[in-house]
Amino acid sequence: MNRRTLLAAAALPLAAPALAQPAWPDRPIRIVVPFAAGGPSDIVVRLLAPRVSATLGQPVVVDNRAGAGGVTGVDAVAKAAPDGYTLGIGSAGGLAISPRLDRGTPYDPLRDLAPLTLAVLVPEPLVVPAVLPFRTVAELIAAAKAQPGRLNYGSAGSGSMPHLAGELFRMAAGIEITHVSYRGGAPLALAILQNEVQLGFADLPILLPHIRSGALRALAVGTERRLEWIPDVPTMAEVGLPTVDANNWHGFVAPARTPAPILARLHAALAGALAEPEIRRALHDQGAIPGGNTQAEFGAFLRAENEKWGGVIRRAGVRAD
């Protein structure tokens, strides 16, 4: 046996483990939901999980990790092993707002997480109680300018999406309105219904029944186009406030440094599920706009949302509860 043959034979034991590595995935995949069961993120994940499982050939386990407005669960994803067996869904709060507030987060969403795809966009209409006379945004702004500080706007908590949407509206319209904080979207909707506050933004699914009943009046939406649920309601751009593009959203992320081929397969499974007509119809029925964009598109969106809401937080001096 010559020297070259001896070297080749010696290398075989070293190469064998690499050749024997199992193909990904070979065990269950965990999707972390940073809110309690039954919430918007949880509904989305549980709709998609069976399709993702069928595509990847492994069970998908939903892991609810509620806490700190979505930060606890996102942090669990950021600190998970980057092996493709843990991913998560985060909201605008956990991925773009909380990281820019004064308290910060234990992770940087742009450094510690890999974007996969937008799951859903949830419009945030501007509404007023139907008992008030305001029928247009122009009438609302005129009333606010006539009596600075007298009109109150509600939010789901200091630093929440409705709070920042209200601040964005205030600055764009050049008005003074007073912020009143509530603990969540449902108490906020009730406060607007009872005229405790005179205006506010909130997730469309929470507001839609009250808009349809006539108890609340929607004046504008921050989406690019009018919404088919409320087609008579103009966009903010149509009423002269194009910068008030306030929408809640939920998107899928994985730990940074997860191998690119695994990220590509996760994206394909998620986007494929989001493209199914049955899934899209179910999400639409919840008052959400289905996503499914590319990794690059969601990454650009994530950066833009961090920049936008970080700017609003700085200009308005918003502080967390």
# chains A, B, ... in the order shown; residues from 1 in each chain; ligands from 1
$ residues_around --residues "Ala172 (chain A)" --least-positions-apart "5" --cutoff "8 Å" --atoms "only C-alpha atoms" --output "PyMOL selection string"
chain A and resi 241+243-244
$ write_last_selection --atoms "N, CA and C atoms" --output "PDB file, in the first residue's frame"
ATOM      1  N   LEU A 241     -53.106  62.976   4.222  1.00  0.00           N
ATOM      2  CA  LEU A 241     -52.135  62.613   5.265  1.00  0.00           C
ATOM      3  C   LEU A 241     -51.414  61.317   4.877  1.00  0.00           C
ATOM      4  N   THR A 243     -48.466  60.226   5.166  1.00  0.00           N
ATOM      5  CA  THR A 243     -47.449  59.663   6.075  1.00  0.00           C
ATOM      6  C   THR A 243     -48.074  58.861   7.218  1.00  0.00           C
ATOM      7  N   VAL A 244     -49.382  58.931   7.391  1.00  0.00           N
ATOM      8  CA  VAL A 244     -50.035  58.198   8.474  1.00  0.00           C
ATOM      9  C   VAL A 244     -50.376  56.799   7.967  1.00  0.00           C
TER      10      VAL A 244
END
$ residues_around --residues "Glu305 (chain A)" --least-positions-apart "4" --cutoff "9 Å" --atoms "only C-alpha atoms" --output "count of residues only"
8
$ residues_around --residues "Gly174 (chain A)" --least-positions-apart "5" --cutoff "10 Å" --atoms "only C-alpha atoms" --output "list in words"
Ile141, Ala144, Lys145, Leu168 and Phe169 of chain A
$ write_last_selection --atoms "N, CA, C and O atoms" --output "PDB file, in the first residue's frame"
ATOM      1  N   ILE A 141     -60.066  67.297  12.347  1.00  0.00           N
ATOM      2  CA  ILE A 141     -58.889  68.165  12.490  1.00  0.00           C
ATOM      3  C   ILE A 141     -59.320  69.600  12.794  1.00  0.00           C
ATOM      4  O   ILE A 141     -58.721  70.277  13.654  1.00  0.00           O
ATOM      5  N   ALA A 144     -60.251  69.850  16.396  1.00  0.00           N
ATOM      6  CA  ALA A 144     -59.072  69.778  17.263  1.00  0.00           C
ATOM      7  C   ALA A 144     -58.295  71.089  17.246  1.00  0.00           C
ATOM      8  O   ALA A 144     -57.766  71.524  18.278  1.00  0.00           O
ATOM      9  N   LYS A 145     -58.235  71.741  16.102  1.00  0.00           N
ATOM     10  CA  LYS A 145     -57.520  73.018  16.003  1.00  0.00           C
ATOM     11  C   LYS A 145     -58.299  74.136  16.685  1.00  0.00           C
ATOM     12  O   LYS A 145     -57.704  75.077  17.221  1.00  0.00           O
ATOM     13  N   LEU A 168     -48.547  59.714  15.424  1.00  0.00           N
ATOM     14  CA  LEU A 168     -48.241  59.968  14.013  1.00  0.00           C
ATOM     15  C   LEU A 168     -49.319  60.848  13.385  1.00  0.00           C
ATOM     16  O   LEU A 168     -49.027  61.798  12.655  1.00  0.00           O
ATOM     17  N   PHE A 169     -50.578  60.546  13.692  1.00  0.00           N
ATOM     18  CA  PHE A 169     -51.702  61.349  13.199  1.00  0.00           C
ATOM     19  C   PHE A 169     -51.630  62.768  13.755  1.00  0.00           C
ATOM     20  O   PHE A 169     -51.806  63.755  13.026  1.00  0.00           O
TER      21      PHE A 169
END
$ residues_around --residues "region 203-207 of chain A" --least-positions-apart "3" --cutoff "6 Å" --atoms "only C-alpha atoms" --output "PyMOL selection string"
chain A and resi 123-124+210+287
$ residues_around --residues "Asp321 (chain A)" --least-positions-apart "3" --cutoff "12 Å" --atoms "only C-alpha atoms" --output "PDB file with N, CA and C atoms, in the first residue's frame"
ATOM      1  N   ALA A  68     -44.419  40.461  28.452  1.00  0.00           N
ATOM      2  CA  ALA A  68     -43.766  41.717  28.064  1.00  0.00           C
ATOM      3  C   ALA A  68     -44.205  42.201  26.686  1.00  0.00           C
ATOM      4  N   GLY A  69     -45.490  42.065  26.386  1.00  0.00           N
ATOM      5  CA  GLY A  69     -46.012  42.571  25.126  1.00  0.00           C
ATOM      6  C   GLY A  69     -45.436  41.898  23.898  1.00  0.00           C
ATOM      7  N   SER A  98     -41.150  47.967  20.451  1.00  0.00           N
ATOM      8  CA  SER A  98     -40.478  47.779  21.750  1.00  0.00           C
ATOM      9  C   SER A  98     -38.965  47.935  21.670  1.00  0.00           C
ATOM     10  N   LEU A 101     -38.184  51.667  22.069  1.00  0.00           N
ATOM     11  CA  LEU A 101     -38.616  52.404  23.249  1.00  0.00           C
ATOM     12  C   LEU A 101     -37.478  52.529  24.255  1.00  0.00           C
ATOM     13  N   ASP A 102     -37.673  53.377  25.253  1.00  0.00           N
ATOM     14  CA  ASP A 102     -36.607  53.650  26.217  1.00  0.00           C
ATOM     15  C   ASP A 102     -36.175  52.410  26.990  1.00  0.00           C
ATOM     16  N   ARG A 103     -37.103  51.464  27.231  1.00  0.00           N
ATOM     17  CA  ARG A 103     -36.732  50.256  27.988  1.00  0.00           C
ATOM     18  C   ARG A 103     -35.951  49.276  27.127  1.00  0.00           C
ATOM     19  N   SER A 155     -55.536  54.662  23.522  1.00  0.00           N
ATOM     20  CA  SER A 155     -54.580  53.672  23.020  1.00  0.00           C
ATOM     21  C   SER A 155     -54.689  52.396  23.838  1.00  0.00           C
ATOM     22  N   ALA A 156     -54.017  51.361  23.380  1.00  0.00           N
ATOM     23  CA  ALA A 156     -53.999  50.080  24.087  1.00  0.00           C
ATOM     24  C   ALA A 156     -52.826  49.997  25.056  1.00  0.00           C
ATOM     25  N   GLY A 157     -52.282  51.147  25.443  1.00  0.00           N
ATOM     26  CA  GLY A 157     -51.145  51.193  26.351  1.00  0.00           C
ATOM     27  C   GLY A 157     -50.072  52.116  25.816  1.00  0.00           C
ATOM     28  N   SER A 158     -49.322  52.717  26.702  1.00  0.00           N
ATOM     29  CA  SER A 158     -48.252  53.612  26.286  1.00  0.00           C
ATOM     30  C   SER A 158     -47.190  52.834  25.509  1.00  0.00           C
ATOM     31  N   GLY A 159     -46.885  53.294  24.314  1.00  0.00           N
ATOM     32  CA  GLY A 159     -45.929  52.592  23.464  1.00  0.00           C
ATOM     33  C   GLY A 159     -46.550  51.543  22.573  1.00  0.00           C
ATOM     34  N   SER A 160     -47.868  51.374  22.635  1.00  0.00           N
ATOM     35  CA  SER A 160     -48.552  50.400  21.775  1.00  0.00           C
ATOM     36  C   SER A 160     -48.722  50.972  20.366  1.00  0.00           C
ATOM     37  N   HIS A 163     -51.159  53.836  20.208  1.00  0.00           N
ATOM     38  CA  HIS A 163     -50.556  55.054  20.749  1.00  0.00           C
ATOM     39  C   HIS A 163     -49.679  55.726  19.689  1.00  0.00           C
ATOM     40  N   SER A 181     -54.415  56.249  28.057  1.00  0.00           N
ATOM     41  CA  SER A 181     -53.957  54.870  27.891  1.00  0.00           C
ATOM     42  C   SER A 181     -54.911  53.884  28.551  1.00  0.00           C
ATOM     43  N   TYR A 182     -55.193  52.779  27.832  1.00  0.00           N
ATOM     44  CA  TYR A 182     -55.995  51.673  28.370  1.00  0.00           C
ATOM     45  C   TYR A 182     -55.156  50.399  28.311  1.00  0.00           C
ATOM     46  N   ARG A 183     -55.642  49.353  28.957  1.00  0.00           N
ATOM     47  CA  ARG A 183     -54.881  48.104  29.011  1.00  0.00           C
ATOM     48  C   ARG A 183     -55.408  47.106  27.983  1.00  0.00           C
ATOM     49  N   VAL A 318     -42.169  59.452  23.217  1.00  0.00           N
ATOM     50  CA  VAL A 318     -42.965  58.365  23.792  1.00  0.00           C
ATOM     51  C   VAL A 318     -42.112  57.517  24.719  1.00  0.00           C
TER      52      VAL A 318
END
$ select_by_dssp --residues "region 115-182 of chain A" --states "helix (DSSP H, G or I)" --output "ChimeraX atom specification"
/A:137-146,161-173
$ write_last_selection --atoms "C-alpha atoms" --output "PDB file, in the first residue's frame"
ATOM      1  CA  VAL A 137     -60.936  63.644   8.908  1.00  0.00           C
ATOM      2  CA  ALA A 138     -61.042  67.312   7.891  1.00  0.00           C
ATOM      3  CA  GLU A 139     -63.922  67.968  10.305  1.00  0.00           C
ATOM      4  CA  LEU A 140     -62.071  66.169  13.101  1.00  0.00           C
ATOM      5  CA  ILE A 141     -58.889  68.165  12.490  1.00  0.00           C
ATOM      6  CA  ALA A 142     -60.823  71.438  12.367  1.00  0.00           C
ATOM      7  CA  ALA A 143     -62.444  70.687  15.735  1.00  0.00           C
ATOM      8  CA  ALA A 144     -59.072  69.778  17.263  1.00  0.00           C
ATOM      9  CA  LYS A 145     -57.520  73.018  16.003  1.00  0.00           C
ATOM     10  CA  ALA A 146     -60.443  75.062  17.310  1.00  0.00           C
ATOM     11  CA  MET A 161     -49.344  50.568  18.062  1.00  0.00           C
ATOM     12  CA  PRO A 162     -52.575  52.590  18.646  1.00  0.00           C
ATOM     13  CA  HIS A 163     -50.556  55.054  20.749  1.00  0.00           C
ATOM     14  CA  LEU A 164     -47.912  55.547  18.070  1.00  0.00           C
ATOM     15  CA  ALA A 165     -50.578  55.722  15.355  1.00  0.00           C
ATOM     16  CA  GLY A 166     -52.283  58.480  17.335  1.00  0.00           C
ATOM     17  CA  GLU A 167     -49.002  60.358  17.713  1.00  0.00           C
ATOM     18  CA  LEU A 168     -48.241  59.968  14.013  1.00  0.00           C
ATOM     19  CA  PHE A 169     -51.702  61.349  13.199  1.00  0.00           C
ATOM     20  CA  ARG A 170     -51.282  64.223  15.676  1.00  0.00           C
ATOM     21  CA  MET A 171     -47.964  65.295  14.196  1.00  0.00           C
ATOM     22  CA  ALA A 172     -49.061  64.919  10.564  1.00  0.00           C
ATOM     23  CA  ALA A 173     -52.278  66.890  11.153  1.00  0.00           C
TER      24      ALA A 173
END
$ residues_around --residues "Glu228 (chain A)" --least-positions-apart "2" --cutoff "12 Å" --atoms "only C-alpha atoms" --output "ChimeraX atom specification"
/A:123,204,208,221,223,225-226,230-235,284-285,287-289
$ closest_residue --among "A:Ala220, A:Ala256, A:Met236, A:Val61" --to "Pro82 (chain A)" --atoms "only C-alpha atoms"
A:Ala256
$ closest_residue --among "A:Asp26, A:Asp245, A:Asp42, A:Asp63" --to "Gly84 (chain A)" --atoms "only C-alpha atoms"
A:Asp26
$ select_by_dssp --residues "region 86-184 of chain A" --states "strand (DSSP E)" --output "PyMOL selection string"
chain A and resi 86-91+113-123+126-129+152-155+178-181
$ write_last_selection --atoms "N, CA, C and O atoms" --output "compact mmCIF listing (two decimals), in the first residue's frame"
# COMPACT_ATOMS: atom_id res chain seq x y z
N THR A 86 -36.32 25.94 15.50
CA THR A 86 -37.09 26.94 16.22
C THR A 86 -37.26 28.16 15.33
O THR A 86 -36.28 28.69 14.79
N LEU A 87 -38.49 28.60 15.18
CA LEU A 87 -38.80 29.88 14.54
C LEU A 87 -39.93 30.50 15.33
O LEU A 87 -40.44 29.90 16.27
N GLY A 88 -40.30 31.71 14.99
CA GLY A 88 -41.35 32.37 15.74
C GLY A 88 -42.10 33.36 14.89
O GLY A 88 -41.71 33.67 13.76
N ILE A 89 -43.20 33.82 15.44
CA ILE A 89 -43.98 34.89 14.82
C ILE A 89 -43.94 36.08 15.76
O ILE A 89 -44.13 35.93 16.96
N GLY A 90 -43.63 37.24 15.23
CA GLY A 90 -43.57 38.44 16.04
C GLY A 90 -44.51 39.50 15.49
O GLY A 90 -44.85 39.48 14.31
N SER A 91 -44.94 40.40 16.35
CA SER A 91 -45.82 41.49 15.94
C SER A 91 -45.01 42.76 15.71
O SER A 91 -43.81 42.81 16.00
N LEU A 113 -32.15 38.29 14.48
CA LEU A 113 -33.21 37.50 13.86
C LEU A 113 -33.09 37.52 12.35
O LEU A 113 -32.65 38.51 11.76
N ALA A 114 -33.47 36.42 11.73
CA ALA A 114 -33.48 36.31 10.27
C ALA A 114 -34.92 36.42 9.79
O ALA A 114 -35.77 35.62 10.22
N PRO A 115 -35.25 37.37 8.92
CA PRO A 115 -36.62 37.51 8.44
C PRO A 115 -37.00 36.36 7.50
O PRO A 115 -36.21 35.93 6.67
N LEU A 116 -38.23 35.88 7.66
CA LEU A 116 -38.74 34.81 6.78
C LEU A 116 -39.82 35.35 5.85
O LEU A 116 -39.63 35.41 4.65
N THR A 117 -40.96 35.77 6.42
CA THR A 117 -42.02 36.34 5.58
C THR A 117 -43.04 37.05 6.45
O THR A 117 -43.22 36.72 7.63
N LEU A 118 -43.69 38.05 5.86
CA LEU A 118 -44.82 38.69 6.52
C LEU A 118 -45.98 37.70 6.56
O LEU A 118 -46.31 37.08 5.55
N ALA A 119 -46.59 37.53 7.72
CA ALA A 119 -47.72 36.62 7.86
C ALA A 119 -49.03 37.32 7.52
O ALA A 119 -49.78 36.87 6.64
N VAL A 120 -49.32 38.41 8.22
CA VAL A 120 -50.54 39.17 7.96
C VAL A 120 -50.30 40.65 8.24
O VAL A 120 -49.48 41.01 9.10
N LEU A 121 -51.03 41.48 7.52
CA LEU A 121 -51.11 42.91 7.81
C LEU A 121 -52.50 43.14 8.40
O LEU A 121 -53.50 42.68 7.85
N VAL A 122 -52.55 43.85 9.54
CA VAL A 122 -53.83 44.11 10.22
C VAL A 122 -54.08 45.62 10.21
O VAL A 122 -53.41 46.36 10.94
N PRO A 123 -55.00 46.09 9.38
CA PRO A 123 -55.25 47.54 9.30
C PRO A 123 -55.69 48.13 10.63
O PRO A 123 -56.33 47.46 11.44
N LEU A 126 -58.85 54.74 11.76
CA LEU A 126 -59.12 55.84 12.68
C LEU A 126 -60.64 55.91 12.85
O LEU A 126 -61.38 56.04 11.87
N VAL A 127 -61.10 55.79 14.09
CA VAL A 127 -62.55 55.78 14.35
C VAL A 127 -62.92 56.83 15.39
O VAL A 127 -62.09 57.24 16.21
N VAL A 128 -64.21 57.22 15.34
CA VAL A 128 -64.79 58.12 16.34
C VAL A 128 -66.14 57.53 16.76
O VAL A 128 -66.73 56.74 16.02
N PRO A 129 -66.64 57.89 17.94
CA PRO A 129 -67.98 57.43 18.32
C PRO A 129 -69.03 58.00 17.37
O PRO A 129 -68.94 59.17 16.96
N ASN A 152 -59.66 63.86 23.22
CA ASN A 152 -58.81 62.78 23.74
C ASN A 152 -58.74 61.64 22.73
O ASN A 152 -59.74 61.33 22.06
N TYR A 153 -57.58 61.05 22.61
CA TYR A 153 -57.47 59.83 21.81
C TYR A 153 -56.99 58.70 22.70
O TYR A 153 -56.16 58.88 23.59
N GLY A 154 -57.56 57.50 22.49
CA GLY A 154 -57.22 56.36 23.32
C GLY A 154 -56.17 55.47 22.68
O GLY A 154 -55.94 55.52 21.47
N SER A 155 -55.54 54.66 23.52
CA SER A 155 -54.58 53.67 23.02
C SER A 155 -54.69 52.40 23.84
O SER A 155 -55.36 52.37 24.88
N THR A 178 -55.12 64.82 23.37
CA THR A 178 -54.60 64.28 24.63
C THR A 178 -54.68 62.76 24.65
O THR A 178 -55.74 62.17 24.38
N HIS A 179 -53.57 62.12 24.99
CA HIS A 179 -53.49 60.67 25.02
C HIS A 179 -54.06 60.10 26.31
O HIS A 179 -53.74 60.57 27.42
N VAL A 180 -54.91 59.08 26.20
CA VAL A 180 -55.43 58.33 27.34
C VAL A 180 -55.12 56.85 27.11
O VAL A 180 -55.52 56.28 26.10
N SER A 181 -54.42 56.25 28.06
CA SER A 181 -53.96 54.87 27.89
C SER A 181 -54.91 53.88 28.55
O SER A 181 -55.37 54.10 29.68
$ closest_residue --among "A:Ile279, A:Ala296, A:Val62, A:Val33" --to "Leu263 (chain A)" --atoms "only C-alpha atoms"
A:Ala296
$ residues_around --residues "region 104-111 of chain A" --least-positions-apart "5" --cutoff "10 Å" --atoms "only C-alpha atoms" --output "PyMOL selection string"
chain A and resi 68+71-72+74-79+90+94-99+253+255-257+299+302-303+306+320
$ write_last_selection --atoms "N, CA and C atoms" --output "PDB file, in the first residue's frame"
ATOM      1  N   ALA A  68     -44.419  40.461  28.452  1.00  0.00           N
ATOM      2  CA  ALA A  68     -43.766  41.717  28.064  1.00  0.00           C
ATOM      3  C   ALA A  68     -44.205  42.201  26.686  1.00  0.00           C
ATOM      4  N   VAL A  71     -42.332  40.498  23.810  1.00  0.00           N
ATOM      5  CA  VAL A  71     -40.865  40.509  23.844  1.00  0.00           C
ATOM      6  C   VAL A  71     -40.308  39.178  24.336  1.00  0.00           C
ATOM      7  N   THR A  72     -40.957  38.567  25.343  1.00  0.00           N
ATOM      8  CA  THR A  72     -40.443  37.318  25.919  1.00  0.00           C
ATOM      9  C   THR A  72     -40.325  36.220  24.867  1.00  0.00           C
ATOM     10  N   VAL A  74     -40.260  36.529  21.499  1.00  0.00           N
ATOM     11  CA  VAL A  74     -39.295  36.867  20.445  1.00  0.00           C
ATOM     12  C   VAL A  74     -37.876  36.660  20.950  1.00  0.00           C
ATOM     13  N   ASP A  75     -37.632  36.996  22.221  1.00  0.00           N
ATOM     14  CA  ASP A  75     -36.301  36.788  22.795  1.00  0.00           C
ATOM     15  C   ASP A  75     -35.935  35.306  22.814  1.00  0.00           C
ATOM     16  N   ALA A  76     -36.928  34.445  23.072  1.00  0.00           N
ATOM     17  CA  ALA A  76     -36.679  33.002  23.056  1.00  0.00           C
ATOM     18  C   ALA A  76     -36.244  32.541  21.670  1.00  0.00           C
ATOM     19  N   VAL A  77     -36.816  33.124  20.635  1.00  0.00           N
ATOM     20  CA  VAL A  77     -36.409  32.781  19.266  1.00  0.00           C
ATOM     21  C   VAL A  77     -35.000  33.295  18.986  1.00  0.00           C
ATOM     22  N   ALA A  78     -34.736  34.535  19.375  1.00  0.00           N
ATOM     23  CA  ALA A  78     -33.423  35.136  19.124  1.00  0.00           C
ATOM     24  C   ALA A  78     -32.299  34.344  19.782  1.00  0.00           C
ATOM     25  N   LYS A  79     -32.593  33.725  20.935  1.00  0.00           N
ATOM     26  CA  LYS A  79     -31.558  33.001  21.679  1.00  0.00           C
ATOM     27  C   LYS A  79     -31.565  31.493  21.409  1.00  0.00           C
ATOM     28  N   GLY A  90     -43.631  37.241  15.227  1.00  0.00           N
ATOM     29  CA  GLY A  90     -43.573  38.444  16.041  1.00  0.00           C
ATOM     30  C   GLY A  90     -44.511  39.495  15.488  1.00  0.00           C
ATOM     31  N   GLY A  94     -43.287  43.705  19.029  1.00  0.00           N
ATOM     32  CA  GLY A  94     -42.076  43.002  19.434  1.00  0.00           C
ATOM     33  C   GLY A  94     -40.917  43.146  18.478  1.00  0.00           C
ATOM     34  N   LEU A  95     -41.211  43.421  17.201  1.00  0.00           N
ATOM     35  CA  LEU A  95     -40.158  43.444  16.185  1.00  0.00           C
ATOM     36  C   LEU A  95     -39.769  44.845  15.714  1.00  0.00           C
ATOM     37  N   ALA A  96     -40.587  45.873  16.028  1.00  0.00           N
ATOM     38  CA  ALA A  96     -40.260  47.204  15.511  1.00  0.00           C
ATOM     39  C   ALA A  96     -40.496  48.334  16.506  1.00  0.00           C
ATOM     40  N   ILE A  97     -41.367  48.135  17.501  1.00  0.00           N
ATOM     41  CA  ILE A  97     -41.698  49.223  18.424  1.00  0.00           C
ATOM     42  C   ILE A  97     -40.949  49.078  19.749  1.00  0.00           C
ATOM     43  N   SER A  98     -41.150  47.967  20.451  1.00  0.00           N
ATOM     44  CA  SER A  98     -40.478  47.779  21.750  1.00  0.00           C
ATOM     45  C   SER A  98     -38.965  47.935  21.670  1.00  0.00           C
ATOM     46  N   PRO A  99     -38.300  47.443  20.601  1.00  0.00           N
ATOM     47  CA  PRO A  99     -36.853  47.627  20.533  1.00  0.00           C
ATOM     48  C   PRO A  99     -36.421  49.088  20.471  1.00  0.00           C
ATOM     49  N   VAL A 253     -39.973  34.914  11.870  1.00  0.00           N
ATOM     50  CA  VAL A 253     -38.531  35.109  11.973  1.00  0.00           C
ATOM     51  C   VAL A 253     -37.891  33.845  12.524  1.00  0.00           C
ATOM     52  N   PRO A 255     -33.842  32.402  14.269  1.00  0.00           N
ATOM     53  CA  PRO A 255     -32.595  32.918  14.840  1.00  0.00           C
ATOM     54  C   PRO A 255     -31.612  33.305  13.738  1.00  0.00           C
ATOM     55  N   ALA A 256     -30.914  34.391  13.953  1.00  0.00           N
ATOM     56  CA  ALA A 256     -29.851  34.764  13.020  1.00  0.00           C
ATOM     57  C   ALA A 256     -28.826  33.628  12.959  1.00  0.00           C
ATOM     58  N   ARG A 257     -28.137  33.543  11.859  1.00  0.00           N
ATOM     59  CA  ARG A 257     -27.115  32.518  11.595  1.00  0.00           C
ATOM     60  C   ARG A 257     -27.706  31.145  11.304  1.00  0.00           C
ATOM     61  N   GLY A 299     -37.420  41.511   5.042  1.00  0.00           N
ATOM     62  CA  GLY A 299     -36.283  42.150   5.696  1.00  0.00           C
ATOM     63  C   GLY A 299     -36.285  43.652   5.485  1.00  0.00           C
ATOM     64  N   LEU A 302     -39.078  45.127   7.559  1.00  0.00           N
ATOM     65  CA  LEU A 302     -38.711  45.151   8.975  1.00  0.00           C
ATOM     66  C   LEU A 302     -37.802  46.342   9.282  1.00  0.00           C
ATOM     67  N   ARG A 303     -36.833  46.601   8.415  1.00  0.00           N
ATOM     68  CA  ARG A 303     -35.940  47.750   8.611  1.00  0.00           C
ATOM     69  C   ARG A 303     -36.719  49.062   8.521  1.00  0.00           C
ATOM     70  N   ASN A 306     -38.846  49.619  11.683  1.00  0.00           N
ATOM     71  CA  ASN A 306     -38.010  50.034  12.813  1.00  0.00           C
ATOM     72  C   ASN A 306     -37.624  51.505  12.691  1.00  0.00           C
ATOM     73  N   ALA A 320     -42.296  54.012  27.426  1.00  0.00           N
ATOM     74  CA  ALA A 320     -43.050  52.788  27.723  1.00  0.00           C
ATOM     75  C   ALA A 320     -43.732  52.893  29.078  1.00  0.00           C
TER      76      ALA A 320
END
$ atom_distance --atom1 "CA of Gln58 (chain A)" --atom2 "CA of Val32 (chain A)"
16.1 Å
$ atom_distance --atom1 "CA of Pro59 (chain A)" --atom2 "CA of Ile29 (chain A)"
6.4 Å
$ atom_distance --atom1 "CA of Lys308 (chain A)" --atom2 "CA of Val45 (chain A)"
26.6 Å
$ closest_residue --among "A:Pro28, A:Gly251, A:Gly240, A:Gly57" --to "Gly222 (chain A)" --atoms "only C-alpha atoms"
A:Gly240
$ closest_residue --among "A:Trp249, A:Val131, A:Thr136, A:Arg280" --to "Ile192 (chain A)" --atoms "only C-alpha atoms"
A:Val131
$ closest_residue --among "A:Ile177, A:Ala269, A:Val197, A:Pro34" --to "Pro148 (chain A)" --atoms "only C-alpha atoms"
A:Ile177
$ decode --residues "region 82-98 of chain A" --atoms "N, CA and C atoms" --output "short mmCIF file (atom, residue, chain, number, x, y, z; two decimals), in the first residue's frame"
data_model
loop_
_atom_site.label_atom_id
_atom_site.label_comp_id
_atom_site.auth_asym_id
_atom_site.auth_seq_id
_atom_site.Cartn_x
_atom_site.Cartn_y
_atom_site.Cartn_z
N PRO A 82 -29.48 28.14 16.16
CA PRO A 82 -29.78 28.46 14.76
C PRO A 82 -29.73 27.22 13.86
N ASP A 83 -30.59 26.25 14.18
CA ASP A 83 -30.53 24.98 13.46
C ASP A 83 -31.79 24.68 12.65
N GLY A 84 -32.72 25.66 12.63
CA GLY A 84 -33.93 25.47 11.84
C GLY A 84 -35.06 24.79 12.58
N TYR A 85 -34.84 24.40 13.83
CA TYR A 85 -35.89 23.72 14.58
C TYR A 85 -36.70 24.66 15.47
N THR A 86 -36.32 25.94 15.50
CA THR A 86 -37.09 26.94 16.22
C THR A 86 -37.26 28.16 15.33
N LEU A 87 -38.49 28.60 15.18
CA LEU A 87 -38.80 29.88 14.54
C LEU A 87 -39.93 30.50 15.33
N GLY A 88 -40.30 31.71 14.99
CA GLY A 88 -41.35 32.37 15.74
C GLY A 88 -42.10 33.36 14.89
N ILE A 89 -43.20 33.82 15.44
CA ILE A 89 -43.98 34.89 14.82
C ILE A 89 -43.94 36.08 15.76
N GLY A 90 -43.63 37.24 15.23
CA GLY A 90 -43.57 38.44 16.04
C GLY A 90 -44.51 39.50 15.49
N SER A 91 -44.94 40.40 16.35
CA SER A 91 -45.82 41.49 15.94
C SER A 91 -45.01 42.76 15.71
N ALA A 92 -45.68 43.79 15.22
CA ALA A 92 -45.02 45.09 15.07
C ALA A 92 -44.47 45.55 16.41
N GLY A 93 -45.20 45.24 17.51
CA GLY A 93 -44.73 45.64 18.83
C GLY A 93 -43.41 45.01 19.19
N GLY A 94 -43.29 43.70 19.03
CA GLY A 94 -42.08 43.00 19.43
C GLY A 94 -40.92 43.15 18.48
N LEU A 95 -41.21 43.42 17.20
CA LEU A 95 -40.16 43.44 16.18
C LEU A 95 -39.77 44.84 15.71
N ALA A 96 -40.59 45.87 16.03
CA ALA A 96 -40.26 47.20 15.51
C ALA A 96 -40.50 48.33 16.51
N ILE A 97 -41.37 48.14 17.50
CA ILE A 97 -41.70 49.22 18.42
C ILE A 97 -40.95 49.08 19.75
N SER A 98 -41.15 47.97 20.45
CA SER A 98 -40.48 47.78 21.75
C SER A 98 -38.97 47.93 21.67
#
